[in-house]
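Undergrad: Below is the file input_1.txt, with compact mmCIF, C-alpha atoms (C1' of nucleotides).
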```
# COMPACT_ATOMS: atom_id res chain seq x y z
CA MET A 808 113.83 73.43 141.22
CA ASP A 809 110.99 74.17 143.61
CA PRO A 810 108.06 71.74 143.76
CA ASP A 811 105.49 74.14 142.29
CA ARG A 812 107.59 74.83 139.22
CA ALA A 813 108.48 71.16 138.95
CA TYR A 814 104.77 70.39 138.98
CA GLU A 815 103.86 72.82 136.21
CA ARG A 816 106.83 71.80 134.07
CA ALA A 817 105.89 68.16 134.49
CA GLU A 818 102.37 69.06 133.31
CA LEU A 819 103.86 70.63 130.21
CA LEU A 820 105.99 67.57 129.51
CA LYS A 821 103.01 65.27 130.02
CA ALA A 822 101.32 67.01 127.11
CA PHE A 823 104.25 66.00 124.92
CA ALA A 824 104.51 62.48 126.29
CA HIS A 825 102.14 60.56 124.05
CA PRO A 826 102.87 59.00 120.64
CA THR A 827 99.82 60.44 118.91
CA ARG A 828 100.43 63.89 120.33
CA LEU A 829 104.07 63.79 119.25
CA GLN A 830 102.94 62.91 115.73
CA ILE A 831 100.43 65.76 115.74
CA LEU A 832 103.10 68.20 116.91
CA ALA A 833 105.58 66.97 114.29
CA GLU A 834 102.92 67.39 111.62
CA LEU A 835 102.06 70.90 112.78
CA GLY A 836 105.77 71.67 112.67
CA LYS A 837 105.45 71.40 108.88
CA GLY A 838 102.56 73.83 108.69
CA THR A 839 98.97 74.49 109.62
CA ARG A 840 96.68 71.47 109.57
CA CYS A 841 93.00 70.82 110.16
CA VAL A 842 91.67 67.73 111.89
CA THR A 843 90.79 65.91 108.67
CA ASP A 844 94.35 66.44 107.42
CA MET A 845 95.53 64.64 110.54
CA GLU A 846 92.95 61.88 110.15
CA ASP A 847 94.52 61.11 106.77
CA ILE A 848 97.93 60.70 108.37
CA LEU A 849 97.37 59.23 111.82
CA PRO A 850 96.01 55.74 112.45
CA VAL A 851 93.49 56.92 115.04
CA THR A 852 89.89 58.10 115.09
CA GLN A 853 88.71 61.68 114.65
CA VAL A 854 87.40 61.69 118.19
CA ASN A 855 90.74 60.63 119.56
CA ILE A 856 92.62 63.26 117.56
CA SER A 857 90.21 65.87 118.85
CA GLN A 858 90.83 64.71 122.42
CA HIS A 859 94.57 64.92 121.98
CA LEU A 860 94.25 68.37 120.45
CA THR A 861 92.35 69.40 123.55
CA VAL A 862 95.25 68.24 125.71
CA LEU A 863 97.70 70.15 123.51
CA ARG A 864 95.54 73.26 123.60
CA ASN A 865 95.29 73.13 127.39
CA ALA A 866 99.08 72.96 127.53
CA LYS A 867 99.21 75.99 125.20
CA LEU A 868 101.26 74.05 122.67
CA VAL A 869 98.75 74.52 119.87
CA ASP A 870 95.89 76.82 118.98
CA PHE A 871 93.58 77.16 116.00
CA ALA A 872 92.01 79.72 113.70
CA GLN A 873 88.48 79.00 112.61
CA ASP A 874 88.02 78.76 108.85
CA GLY A 875 84.36 78.16 108.15
CA GLY A 876 83.55 74.71 109.33
CA THR A 877 87.18 73.66 109.79
CA ARG A 878 89.77 74.63 112.33
CA CYS A 879 93.29 75.43 111.22
CA TYR A 880 95.60 74.21 113.98
CA TYR A 881 99.09 75.61 114.42
CA LEU A 882 101.92 75.52 116.97
CA SER A 883 101.42 78.36 119.43
CA ARG A 884 104.94 77.98 120.89
CA PRO A 885 106.89 76.71 117.89
CA LYS A 886 110.36 77.26 119.38
CA LEU A 887 109.45 75.19 122.40
CA VAL A 888 107.86 72.40 120.39
CA GLU A 889 110.56 72.27 117.76
CA GLY A 890 113.22 72.41 120.43
CA VAL A 891 111.81 69.45 122.29
CA LEU A 892 111.21 67.45 119.11
CA SER A 893 114.71 68.15 117.93
CA LEU A 894 116.25 67.11 121.25
CA ILE A 895 114.40 63.81 121.51
CA THR A 896 115.05 63.06 117.85
CA ALA A 897 118.79 63.60 118.08
CA ASP A 898 121.20 60.89 119.12
CA HIS A 899 122.60 61.42 122.60
CA PRO A 900 125.27 58.86 123.43
CA VAL A 901 124.92 57.31 126.85
CA ILE A 902 127.95 57.99 128.99
CA ARG A 903 129.21 56.00 131.91
CA LYS A 904 131.30 57.16 134.85
CA THR A 905 133.40 55.22 137.30
CA LYS A 906 133.63 56.03 140.99
CA GLU A 907 137.15 57.27 140.30
CA GLN A 908 136.02 59.74 137.65
CA ILE A 909 133.35 61.02 140.00
CA ASP A 910 135.86 61.46 142.83
CA ARG A 911 138.11 63.44 140.51
CA GLU A 912 135.22 65.69 139.46
CA LYS A 913 134.36 66.37 143.09
CA THR A 914 137.81 67.59 143.97
CA LYS A 915 137.70 69.94 141.01
CA GLY A 916 134.62 71.77 142.36
CA GLY A 917 132.09 71.34 145.12
CA LYS A 918 128.44 70.35 145.15
CA GLU A 919 127.30 73.83 144.27
CA ARG A 920 129.74 73.89 141.41
CA VAL A 921 131.15 77.19 142.68
CA ALA A 922 134.62 77.71 141.35
CA VAL A 923 136.85 76.79 144.24
CA ARG A 924 140.19 76.41 142.65
CA GLY A 925 141.61 75.85 139.21
CA MET B 56 107.16 60.82 112.43
CA ASP B 57 106.41 57.12 112.16
CA PRO B 58 104.37 55.48 114.94
CA ASP B 59 107.23 53.29 116.24
CA ARG B 60 109.54 56.23 116.71
CA ALA B 61 106.72 58.30 118.14
CA TYR B 62 106.14 55.54 120.65
CA GLU B 63 109.73 55.32 121.82
CA ARG B 64 110.12 59.09 121.99
CA ALA B 65 106.94 59.33 124.02
CA GLU B 66 108.39 56.75 126.40
CA LEU B 67 111.45 58.92 126.82
CA LEU B 68 109.35 62.01 127.50
CA LYS B 69 107.22 60.12 130.02
CA ALA B 70 110.34 59.55 132.07
CA PHE B 71 110.77 63.34 132.27
CA ALA B 72 107.12 64.07 132.92
CA HIS B 73 106.89 63.85 136.69
CA PRO B 74 107.62 66.60 139.24
CA THR B 75 109.83 64.48 141.46
CA ARG B 76 111.79 63.12 138.52
CA LEU B 77 112.31 66.64 137.16
CA GLN B 78 113.66 67.69 140.53
CA ILE B 79 115.98 64.71 140.62
CA LEU B 80 117.26 65.50 137.13
CA ALA B 81 117.75 69.16 137.98
CA GLU B 82 119.68 68.16 141.08
CA LEU B 83 121.86 65.72 139.14
CA GLY B 84 122.50 68.54 136.68
CA LYS B 85 124.50 70.18 139.47
CA GLY B 86 126.59 67.12 140.11
CA THR B 87 126.65 63.54 141.27
CA ARG B 88 124.27 62.70 144.12
CA CYS B 89 123.45 59.65 146.17
CA VAL B 90 119.96 58.75 147.32
CA THR B 91 120.40 60.19 150.80
CA ASP B 92 121.50 63.52 149.27
CA MET B 93 118.19 63.58 147.42
CA GLU B 94 116.22 62.61 150.51
CA ASP B 95 117.54 65.75 152.15
CA ILE B 96 116.24 67.90 149.33
CA LEU B 97 113.02 66.28 148.12
CA PRO B 98 109.85 66.04 150.19
CA VAL B 99 109.32 62.36 149.41
CA THR B 100 110.29 59.02 150.93
CA GLN B 101 113.46 57.07 150.17
CA VAL B 102 111.41 54.30 148.62
CA ASN B 103 109.72 56.72 146.27
CA ILE B 104 113.00 58.31 145.22
CA SER B 105 114.39 54.87 144.52
CA GLN B 106 111.34 54.04 142.39
CA HIS B 107 111.72 57.23 140.38
CA LEU B 108 115.42 56.54 139.92
CA THR B 109 114.48 53.16 138.50
CA VAL B 110 112.24 54.88 135.95
CA LEU B 111 115.05 57.29 135.05
CA ARG B 112 117.54 54.45 134.76
CA ASN B 113 115.23 52.46 132.48
CA ALA B 114 114.96 55.54 130.26
CA LYS B 115 118.77 55.76 130.26
CA LEU B 116 118.65 59.27 131.63
CA VAL B 117 120.70 58.42 134.73
CA ASP B 118 123.09 55.76 135.87
CA PHE B 119 125.16 55.21 139.00
CA ALA B 120 128.58 54.16 140.17
CA GLN B 121 128.68 52.07 143.29
CA ASP B 122 130.73 53.55 146.13
CA GLY B 123 130.71 51.11 149.00
CA GLY B 124 127.22 51.07 150.38
CA THR B 125 126.07 54.15 148.49
CA ARG B 126 125.30 54.70 144.84
CA CYS B 127 126.54 57.83 143.11
CA TYR B 128 123.92 58.78 140.56
CA TYR B 129 124.76 60.95 137.56
CA LEU B 130 123.17 62.04 134.28
CA SER B 131 124.03 59.53 131.59
CA ARG B 132 122.83 61.81 128.76
CA PRO B 133 123.53 65.25 130.19
CA LYS B 134 123.08 67.17 126.93
CA LEU B 135 119.63 65.68 126.48
CA VAL B 136 118.55 66.27 130.05
CA GLU B 137 119.97 69.78 130.27
CA GLY B 138 118.48 70.62 126.89
CA VAL B 139 115.01 69.56 127.92
CA LEU B 140 115.26 71.28 131.31
CA SER B 141 116.49 74.46 129.71
CA LEU B 142 113.69 74.45 127.12
CA ILE B 143 110.88 73.94 129.61
CA THR B 144 112.41 76.47 132.00
CA ALA B 145 112.68 79.22 129.40
CA ASP B 146 109.85 81.59 128.61
CA HIS B 147 108.22 80.88 125.26
CA PRO B 148 105.65 83.53 124.35
CA VAL B 149 102.40 82.10 123.07
CA ILE B 150 101.68 83.32 119.57
CA ARG B 151 98.32 83.60 117.88
CA LYS B 152 97.50 83.48 114.19
CA THR B 153 94.44 84.63 112.29
CA LYS B 154 92.95 82.77 109.36
CA GLU B 155 94.30 85.57 107.15
CA GLN B 156 97.87 85.13 108.37
CA ILE B 157 97.61 81.43 107.75
CA ASP B 158 96.30 81.97 104.22
CA ARG B 159 99.17 84.33 103.51
CA GLU B 160 101.71 81.81 104.78
CA LYS B 161 100.24 79.19 102.49
CA THR B 162 100.44 81.36 99.35
CA LYS B 163 104.01 82.32 100.17
CA GLY B 164 104.68 78.63 99.69
CA GLY B 165 106.83 78.31 102.78
CA LYS B 166 106.78 74.84 104.25
CA GLU B 167 105.40 71.75 102.62
CA ARG B 168 101.86 70.71 103.34
CA VAL B 169 99.17 68.31 102.25
CA ALA B 170 96.70 69.11 99.52
CA VAL B 171 94.42 71.98 100.46
CA ARG B 172 90.73 71.80 99.84
CA GLY B 173 88.87 74.55 97.98
C1' DT C 376 64.52 74.12 107.19
C1' DT C 377 67.01 69.71 106.26
C1' DA C 378 71.13 67.40 105.22
C1' DC C 379 75.96 67.14 105.35
C1' DG C 380 80.71 67.91 106.64
C1' DT C 381 83.72 68.99 110.41
C1' DT C 382 84.99 69.04 115.02
C1' DA C 383 83.99 68.63 120.07
C1' DT C 384 82.12 66.67 124.35
C1' DA C 385 80.39 63.12 127.68
C1' DA C 386 80.44 58.83 130.05
C1' DG C 387 82.49 54.83 131.32
C1' DA C 388 85.53 50.77 130.87
C1' DA C 389 90.26 49.40 130.51
C1' DG C 390 94.78 50.23 131.32
C1' DA C 391 98.81 52.63 133.24
C1' DT C 392 101.03 55.24 136.93
C1' DT C 393 101.92 56.48 141.48
C1' DC C 394 102.22 56.12 146.30
C1' DT C 395 102.36 53.50 150.78
C1' DA C 396 103.70 49.73 153.72
C1' DA C 397 106.30 46.01 154.45
C1' DT C 398 110.27 43.66 153.39
C1' DA C 399 114.64 42.44 151.11
C1' DT C 400 119.42 43.03 149.88
C1' DA C 401 124.00 44.68 150.31
C1' DA C 402 127.93 46.91 152.44
C1' DT C 403 130.03 48.48 156.61
C1' DC C 404 130.85 48.71 161.44
C1' DA C 405 131.33 47.24 166.24
C1' DT D 1045 128.65 37.57 164.44
C1' DG D 1046 124.78 41.06 164.88
C1' DA D 1047 123.59 45.83 164.29
C1' DT D 1048 123.49 49.71 161.29
C1' DT D 1049 123.32 52.33 157.11
C1' DA D 1050 122.00 52.71 152.31
C1' DT D 1051 119.20 51.39 148.68
C1' DA D 1052 115.88 48.38 146.13
C1' DT D 1053 111.82 45.43 145.45
C1' DT D 1054 107.15 43.75 146.00
C1' DA D 1055 102.25 44.08 146.36
C1' DG D 1056 98.22 46.46 146.34
C1' DA D 1057 95.13 50.37 146.62
C1' DA D 1058 94.23 54.87 144.84
C1' DT D 1059 94.44 57.77 141.13
C1' DC D 1060 95.11 59.32 136.50
C1' DT D 1061 95.05 58.56 131.44
C1' DT D 1062 93.41 56.74 127.39
C1' DC D 1063 90.27 54.84 124.22
C1' DT D 1064 85.52 53.64 122.67
C1' DT D 1065 80.78 54.61 121.84
C1' DA D 1066 77.36 57.67 121.40
C1' DT D 1067 76.01 62.12 120.63
C1' DA D 1068 76.20 67.18 120.35
C1' DA D 1069 77.44 71.51 118.21
C1' DC D 1070 78.65 74.31 114.47
C1' DG D 1071 79.08 75.96 109.55
C1' DT D 1072 77.68 75.66 104.84
C1' DA D 1073 74.87 74.40 101.04
C1' DA D 1074 70.61 73.07 99.02
```
Before we go any further, please render this structure as structure tokens.
TA:
Amino acid sequence: MDPDRAYERAELLKAFAHPTRLQILAELGKGTRCVTDMEDILPVTQVNISQHLTVLRNAKLVDFAQDGGTRCYYLSRPKLVEGVLSLITADHPVIRKTKEQIDREKTKGGKERVAVRG
Amino acid sequence: MDPDRAYERAELLKAFAHPTRLQILAELGKGTRCVTDMEDILPVTQVNISQHLTVLRNAKLVDFAQDGGTRCYYLSRPKLVEGVLSLITADHPVIRKTKEQIDREKTKGGKERVAVRG
DNA sequence: TTACGTTATAAGAAGATTCTAATATAATCA
DNA sequence: TGATTATATTAGAATCTTCTTATAACGTAA
């Protein structure tokens, strides 16, 4: 992965990487919500929710449609958001490898993982 | 999503959310690597790589097997790491919704939501 | 217009993260 | 043993992020 792409992907992940923002995204996964809806659910101030929504908007994870005085927020890349939420929610058992296992893997195929031999 | 889980999931995502760490994870996705392997590829110091590996280890995203003086690092939750990398690498078109679309979704009674005003 | 409800922005302190420099530890080699 | 190679830790400054307080902007209703 080249550094420029790594940088922009890290920026995207940073937008996800906050408890309040994760809760906002999970809530928007259930449907459109305005800021007062979120105030009822999250234990943080309106100002703070608004600030987090700004971060999420800048990352293009959410957007809103104006409805009179309120703003209806929704996921603007639902597949991405739901994919990430689903991955981090799932259980992923932690595996362990011994030096011997690693040696065996290496002989089965090189660094580049090009098929060398069966 | 309850706040405690949101907090721990945000911690996990923070481990991903750095350009150098993403590059390390992408590299480990290709196979086991020791620190000097990574030094050859990444434009950062050995000390810094080691620090990032500590973050990744604490998040249980990587682990290592000792091989004499070197440490063979590998992904300890490869499905999780590869899933996240694949999601953020893929193109996810940004969608936009109008107030009217949102209203229509609501009346179709799709997903659950909180009480709607007016 | 004024008042109210809803959401956003600004400024700054507090806290967390990251990088650099120096050093430490551990295994291997001569 | 001392030198060398490989990796980790510590400490601190620089930087970034977050939260708080105060306030601004916008839409609707009276």
Undergrad: One number please: atom CA of B:Gly124 to atom CA of B:Asp92, in Å, one decimal.
TA: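 Atom-to-atom, atom CA of B:Gly124 to atom CA of B:Asp92, that is 13.7 Å.
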Undergrad: Once chain B is superposed on chain A with a least-squares fit on all C-alpha pairs taken in order, can you show it as a JSON list (two decimals) with C-alpha atoms, keeping the file's coordinate frame?
TA:
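superposed.json, written as the output of this step:
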```json
[["chain", "number", "residue", "atom", "x", "y", "z"],
["B", 56, "MET", "CA", 114.81, 75.12, 140.14],
["B", 57, "ASP", "CA", 112.08, 76.02, 142.60],
["B", 58, "PRO", "CA", 109.19, 73.57, 143.06],
["B", 59, "ASP", "CA", 106.53, 75.86, 141.55],
["B", 60, "ARG", "CA", 108.46, 76.34, 138.35],
["B", 61, "ALA", "CA", 109.37, 72.67, 138.28],
["B", 62, "TYR", "CA", 105.68, 71.89, 138.52],
["B", 63, "GLU", "CA", 104.62, 74.11, 135.65],
["B", 64, "ARG", "CA", 107.49, 72.96, 133.44],
["B", 65, "ALA", "CA", 106.60, 69.36, 134.15],
["B", 66, "GLU", "CA", 103.03, 70.14, 133.09],
["B", 67, "LEU", "CA", 104.35, 71.49, 129.82],
["B", 68, "LEU", "CA", 106.49, 68.40, 129.23],
["B", 69, "LYS", "CA", 103.56, 66.11, 130.03],
["B", 70, "ALA", "CA", 101.71, 67.63, 127.11],
["B", 71, "PHE", "CA", 104.57, 66.50, 124.85],
["B", 72, "ALA", "CA", 104.93, 63.08, 126.43],
["B", 73, "HIS", "CA", 102.47, 60.99, 124.46],
["B", 74, "PRO", "CA", 103.07, 59.22, 121.12],
["B", 75, "THR", "CA", 99.93, 60.50, 119.45],
["B", 76, "ARG", "CA", 100.55, 64.05, 120.61],
["B", 77, "LEU", "CA", 104.14, 63.91, 119.35],
["B", 78, "GLN", "CA", 102.86, 62.78, 115.97],
["B", 79, "ILE", "CA", 100.33, 65.59, 115.91],
["B", 80, "LEU", "CA", 103.02, 68.14, 116.77],
["B", 81, "ALA", "CA", 105.38, 66.75, 114.15],
["B", 82, "GLU", "CA", 102.61, 66.95, 111.58],
["B", 83, "LEU", "CA", 101.75, 70.53, 112.54],
["B", 84, "GLY", "CA", 105.45, 71.31, 112.19],
["B", 85, "LYS", "CA", 104.95, 70.78, 108.46],
["B", 86, "GLY", "CA", 102.04, 73.15, 108.26],
["B", 87, "THR", "CA", 98.50, 73.87, 109.30],
["B", 88, "ARG", "CA", 96.21, 70.84, 109.54],
["B", 89, "CYS", "CA", 92.59, 70.22, 110.35],
["B", 90, "VAL", "CA", 91.34, 67.25, 112.34],
["B", 91, "THR", "CA", 90.34, 65.23, 109.29],
["B", 92, "ASP", "CA", 93.86, 65.69, 107.85],
["B", 93, "MET", "CA", 95.19, 64.10, 111.03],
["B", 94, "GLU", "CA", 92.64, 61.30, 110.94],
["B", 95, "ASP", "CA", 94.07, 60.32, 107.58],
["B", 96, "ILE", "CA", 97.55, 60.04, 109.01],
["B", 97, "LEU", "CA", 97.15, 58.79, 112.58],
["B", 98, "PRO", "CA", 95.86, 55.34, 113.50],
["B", 99, "VAL", "CA", 93.44, 56.67, 116.11],
["B", 100, "THR", "CA", 89.82, 57.81, 116.24],
["B", 101, "GLN", "CA", 88.59, 61.35, 115.63],
["B", 102, "VAL", "CA", 87.43, 61.59, 119.22],
["B", 103, "ASN", "CA", 90.86, 60.66, 120.49],
["B", 104, "ILE", "CA", 92.60, 63.17, 118.24],
["B", 105, "SER", "CA", 90.24, 65.84, 119.46],
["B", 106, "GLN", "CA", 91.02, 64.92, 123.08],
["B", 107, "HIS", "CA", 94.75, 65.13, 122.45],
["B", 108, "LEU", "CA", 94.31, 68.47, 120.71],
["B", 109, "THR", "CA", 92.54, 69.71, 123.81],
["B", 110, "VAL", "CA", 95.56, 68.72, 125.90],
["B", 111, "LEU", "CA", 97.88, 70.49, 123.46],
["B", 112, "ARG", "CA", 95.69, 73.58, 123.44],
["B", 113, "ASN", "CA", 95.61, 73.72, 127.24],
["B", 114, "ALA", "CA", 99.41, 73.58, 127.21],
["B", 115, "LYS", "CA", 99.40, 76.43, 124.67],
["B", 116, "LEU", "CA", 101.36, 74.36, 122.21],
["B", 117, "VAL", "CA", 98.70, 74.60, 119.49],
["B", 118, "ASP", "CA", 95.79, 76.79, 118.60],
["B", 119, "PHE", "CA", 93.35, 76.92, 115.70],
["B", 120, "ALA", "CA", 91.64, 79.31, 113.34],
["B", 121, "GLN", "CA", 88.08, 78.49, 112.46],
["B", 122, "ASP", "CA", 87.43, 78.03, 108.74],
["B", 123, "GLY", "CA", 83.75, 77.37, 108.26],
["B", 124, "GLY", "CA", 83.05, 73.97, 109.69],
["B", 125, "THR", "CA", 86.69, 72.98, 110.02],
["B", 126, "ARG", "CA", 89.38, 74.12, 112.40],
["B", 127, "CYS", "CA", 92.86, 74.87, 111.09],
["B", 128, "TYR", "CA", 95.29, 73.86, 113.80],
["B", 129, "TYR", "CA", 98.79, 75.31, 113.97],
["B", 130, "LEU", "CA", 101.72, 75.43, 116.39],
["B", 131, "SER", "CA", 101.33, 78.42, 118.67],
["B", 132, "ARG", "CA", 104.92, 78.17, 119.99],
["B", 133, "PRO", "CA", 106.74, 76.72, 117.00],
["B", 134, "LYS", "CA", 110.26, 77.41, 118.27],
["B", 135, "LEU", "CA", 109.52, 75.53, 121.47],
["B", 136, "VAL", "CA", 107.87, 72.60, 119.76],
["B", 137, "GLU", "CA", 110.45, 72.31, 116.99],
["B", 138, "GLY", "CA", 113.24, 72.65, 119.53],
["B", 139, "VAL", "CA", 111.94, 69.82, 121.65],
["B", 140, "LEU", "CA", 111.23, 67.60, 118.64],
["B", 141, "SER", "CA", 114.67, 68.25, 117.23],
["B", 142, "LEU", "CA", 116.37, 67.47, 120.56],
["B", 143, "ILE", "CA", 114.58, 64.18, 121.13],
["B", 144, "THR", "CA", 115.06, 63.18, 117.49],
["B", 145, "ALA", "CA", 118.81, 63.77, 117.50],
["B", 146, "ASP", "CA", 121.30, 61.16, 118.61],
["B", 147, "HIS", "CA", 122.85, 61.94, 121.98],
["B", 148, "PRO", "CA", 125.63, 59.49, 122.85],
["B", 149, "VAL", "CA", 125.43, 58.18, 126.38],
["B", 150, "ILE", "CA", 128.56, 59.04, 128.31],
["B", 151, "ARG", "CA", 129.97, 57.25, 131.32],
["B", 152, "LYS", "CA", 132.16, 58.62, 134.08],
["B", 153, "THR", "CA", 134.38, 56.86, 136.59],
["B", 154, "LYS", "CA", 134.75, 57.93, 140.20],
["B", 155, "GLU", "CA", 138.25, 59.13, 139.26],
["B", 156, "GLN", "CA", 136.99, 61.39, 136.48],
["B", 157, "ILE", "CA", 134.45, 62.84, 138.84],
["B", 158, "ASP", "CA", 137.09, 63.51, 141.50],
["B", 159, "ARG", "CA", 139.25, 65.24, 138.92],
["B", 160, "GLU", "CA", 136.36, 67.43, 137.79],
["B", 161, "LYS", "CA", 135.75, 68.45, 141.38],
["B", 162, "THR", "CA", 139.37, 69.49, 142.04],
["B", 163, "LYS", "CA", 139.46, 71.45, 138.80],
["B", 164, "GLY", "CA", 136.79, 73.55, 140.48],
["B", 165, "GLY", "CA", 134.56, 73.68, 137.44],
["B", 166, "LYS", "CA", 130.92, 74.11, 138.31],
["B", 167, "GLU", "CA", 129.53, 75.03, 141.68],
["B", 168, "ARG", "CA", 128.43, 72.30, 144.02],
["B", 169, "VAL", "CA", 127.32, 71.67, 147.57],
["B", 170, "ALA", "CA", 129.74, 70.93, 150.36],
["B", 171, "VAL", "CA", 131.55, 67.64, 149.84],
["B", 172, "ARG", "CA", 131.96, 65.20, 152.65],
["B", 173, "GLY", "CA", 135.36, 63.77, 153.59]]
```
Undergrad: Do me a favour and pick out the residues of chain A within 10 Å of chain C, using all atoms listed in the file, as a PyMOL selection string.
TA: chain A and resi 841-843+853-854+856-858+861+875-878
Undergrad: Figure out the distance between atom C1' of D:DT1072 and atom CA of A:Arg840, please, to one decimal in Å.
TA: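 Atom C1' of D:DT1072 lies at a distance of 20.0 Å from atom CA of A:Arg840.
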Undergrad: Using all atoms listed in the file, what table do you get, as a Markdown table, when you list each residue of chain D with an atom no more than 8 Å from chain A, its nearest pair of atoms, and their distance in Å rounded to one decimal, rows by chain then rising number?
TA:
```
| residue | atom | partner | partner_atom | distance |
| --- | --- | --- | --- | --- |
| D:DC1063 | C1' | A:Asn855 | CA | 7.4 |
| D:DC1070 | C1' | A:Gly876 | CA | 7.1 |
| D:DG1071 | C1' | A:Gly876 | CA | 4.6 |
| D:DT1072 | C1' | A:Gly876 | CA | 7.5 |
```
Undergrad: Could you write out the selected residues, including C-alpha atoms (C1' of nucleotides), as a compact mmCIF listing (two decimals), in the coordinates of the input?
TA:
```txt
# COMPACT_ATOMS: atom_id res chain seq x y z
C1' DC D 1063 90.27 54.84 124.22
C1' DC D 1070 78.65 74.31 114.47
C1' DG D 1071 79.08 75.96 109.55
C1' DT D 1072 77.68 75.66 104.84
```
Undergrad: Between chain B and stretch 886-902 of chain A, at 12 Å or less, what are the per-residue closest atom pairs and their distances in Å? Count only C-alpha atoms, order by chain and rising residue number, and return it as a tab-separated table.
TA:
```
residue	atom	partner	partner_atom	distance
B:Met56	CA	A:Thr896	CA	9.8
B:Asp57	CA	A:Thr896	CA	11.9
B:Arg60	CA	A:Thr896	CA	8.8
B:Ala61	CA	A:Thr896	CA	9.6
B:Tyr62	CA	A:Ile895	CA	11.7
B:Glu63	CA	A:Ile895	CA	9.7
B:Arg64	CA	A:Ile895	CA	6.4
B:Ala65	CA	A:Ile895	CA	9.1
B:Glu66	CA	A:Ile895	CA	10.5
B:Leu67	CA	A:Ile895	CA	7.8
B:Leu68	CA	A:Ile895	CA	8.0
B:Lys69	CA	A:Ile895	CA	11.7
B:Phe71	CA	A:Ile895	CA	11.4
B:Arg112	CA	A:Val901	CA	11.2
B:Ala114	CA	A:Val901	CA	10.7
B:Lys115	CA	A:Val901	CA	7.2
B:Leu116	CA	A:Val901	CA	8.1
B:Val117	CA	A:Val901	CA	9.0
B:Asp118	CA	A:Ile902	CA	8.7
B:Phe119	CA	A:Ile902	CA	10.8
B:Ala120	CA	A:Ile902	CA	11.8
B:Tyr129	CA	A:Ile902	CA	9.6
B:Leu130	CA	A:Ile902	CA	8.2
B:Ser131	CA	A:Ile902	CA	4.9
B:Arg132	CA	A:Val901	CA	5.3
B:Pro133	CA	A:His899	CA	8.6
B:Lys134	CA	A:His899	CA	7.2
B:Leu135	CA	A:Leu894	CA	6.4
B:Val136	CA	A:Leu894	CA	9.1
B:Glu137	CA	A:Leu894	CA	10.1
B:Gly138	CA	A:Leu894	CA	7.0
B:Val139	CA	A:Val891	CA	6.5
B:Leu140	CA	A:Val891	CA	9.8
B:Ser141	CA	A:Gly890	CA	10.1
B:Leu142	CA	A:Leu887	CA	6.4
B:Ile143	CA	A:Leu887	CA	7.5
B:Thr144	CA	A:Leu887	CA	10.1
B:Ala145	CA	A:Leu887	CA	8.7
B:Asp146	CA	A:Leu887	CA	8.9
B:His147	CA	A:Leu887	CA	6.5
B:Pro148	CA	A:Lys886	CA	9.3
B:Val149	CA	A:Leu887	CA	9.9
B:Ile150	CA	A:Lys886	CA	10.6
```
Undergrad: Select, from A:Ile831, A:Met845, A:Lys837, A:Glu907, the residue with the minimum atom-to-atom distance to chain B, counting only C-alpha atoms.
TA: A:Lys837
Undergrad: Let me make sure I understand: among B:Ile96, B:Ala72, B:Leu77, B:Cys127, which one has the smallest atom-to-atom distance to A:Thr905 if we use only C-alpha atoms?
TA: B:Cys127
Undergrad: One number please: atom C1' of D:DA1052 to atom CA of B:Val110, in Å, one decimal.
TA: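 Between atom C1' of D:DA1052 and atom CA of B:Val110 the gap is 12.6 Å.
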Undergrad: Could you work out an axis-aligned box for stretch 388-392 of chain C, taking every atom the file lists and adding 3 Å on each side, and report centre and edge lengths in Å to one decimal, as JSON?
TA:
```
{"center_x": 93.3, "center_y": 52.3, "center_z": 133.7, "size_x": 21.5, "size_y": 11.8, "size_z": 12.4}
```
Undergrad: Which residue is closest to chain A? Choose from B:Lys161, B:Pro74, B:Leu108, B:Leu80 and count all atoms listed in the file.
TA: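 Checking each candidate against chain A, we get B:Pro74 as the closest.
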Undergrad: For B:Glu160, which residue among A:Thr839, A:Asp847, A:Gln873, A:Tyr880 is the nearest when counting all atoms listed in the file?
TA: A:Thr839
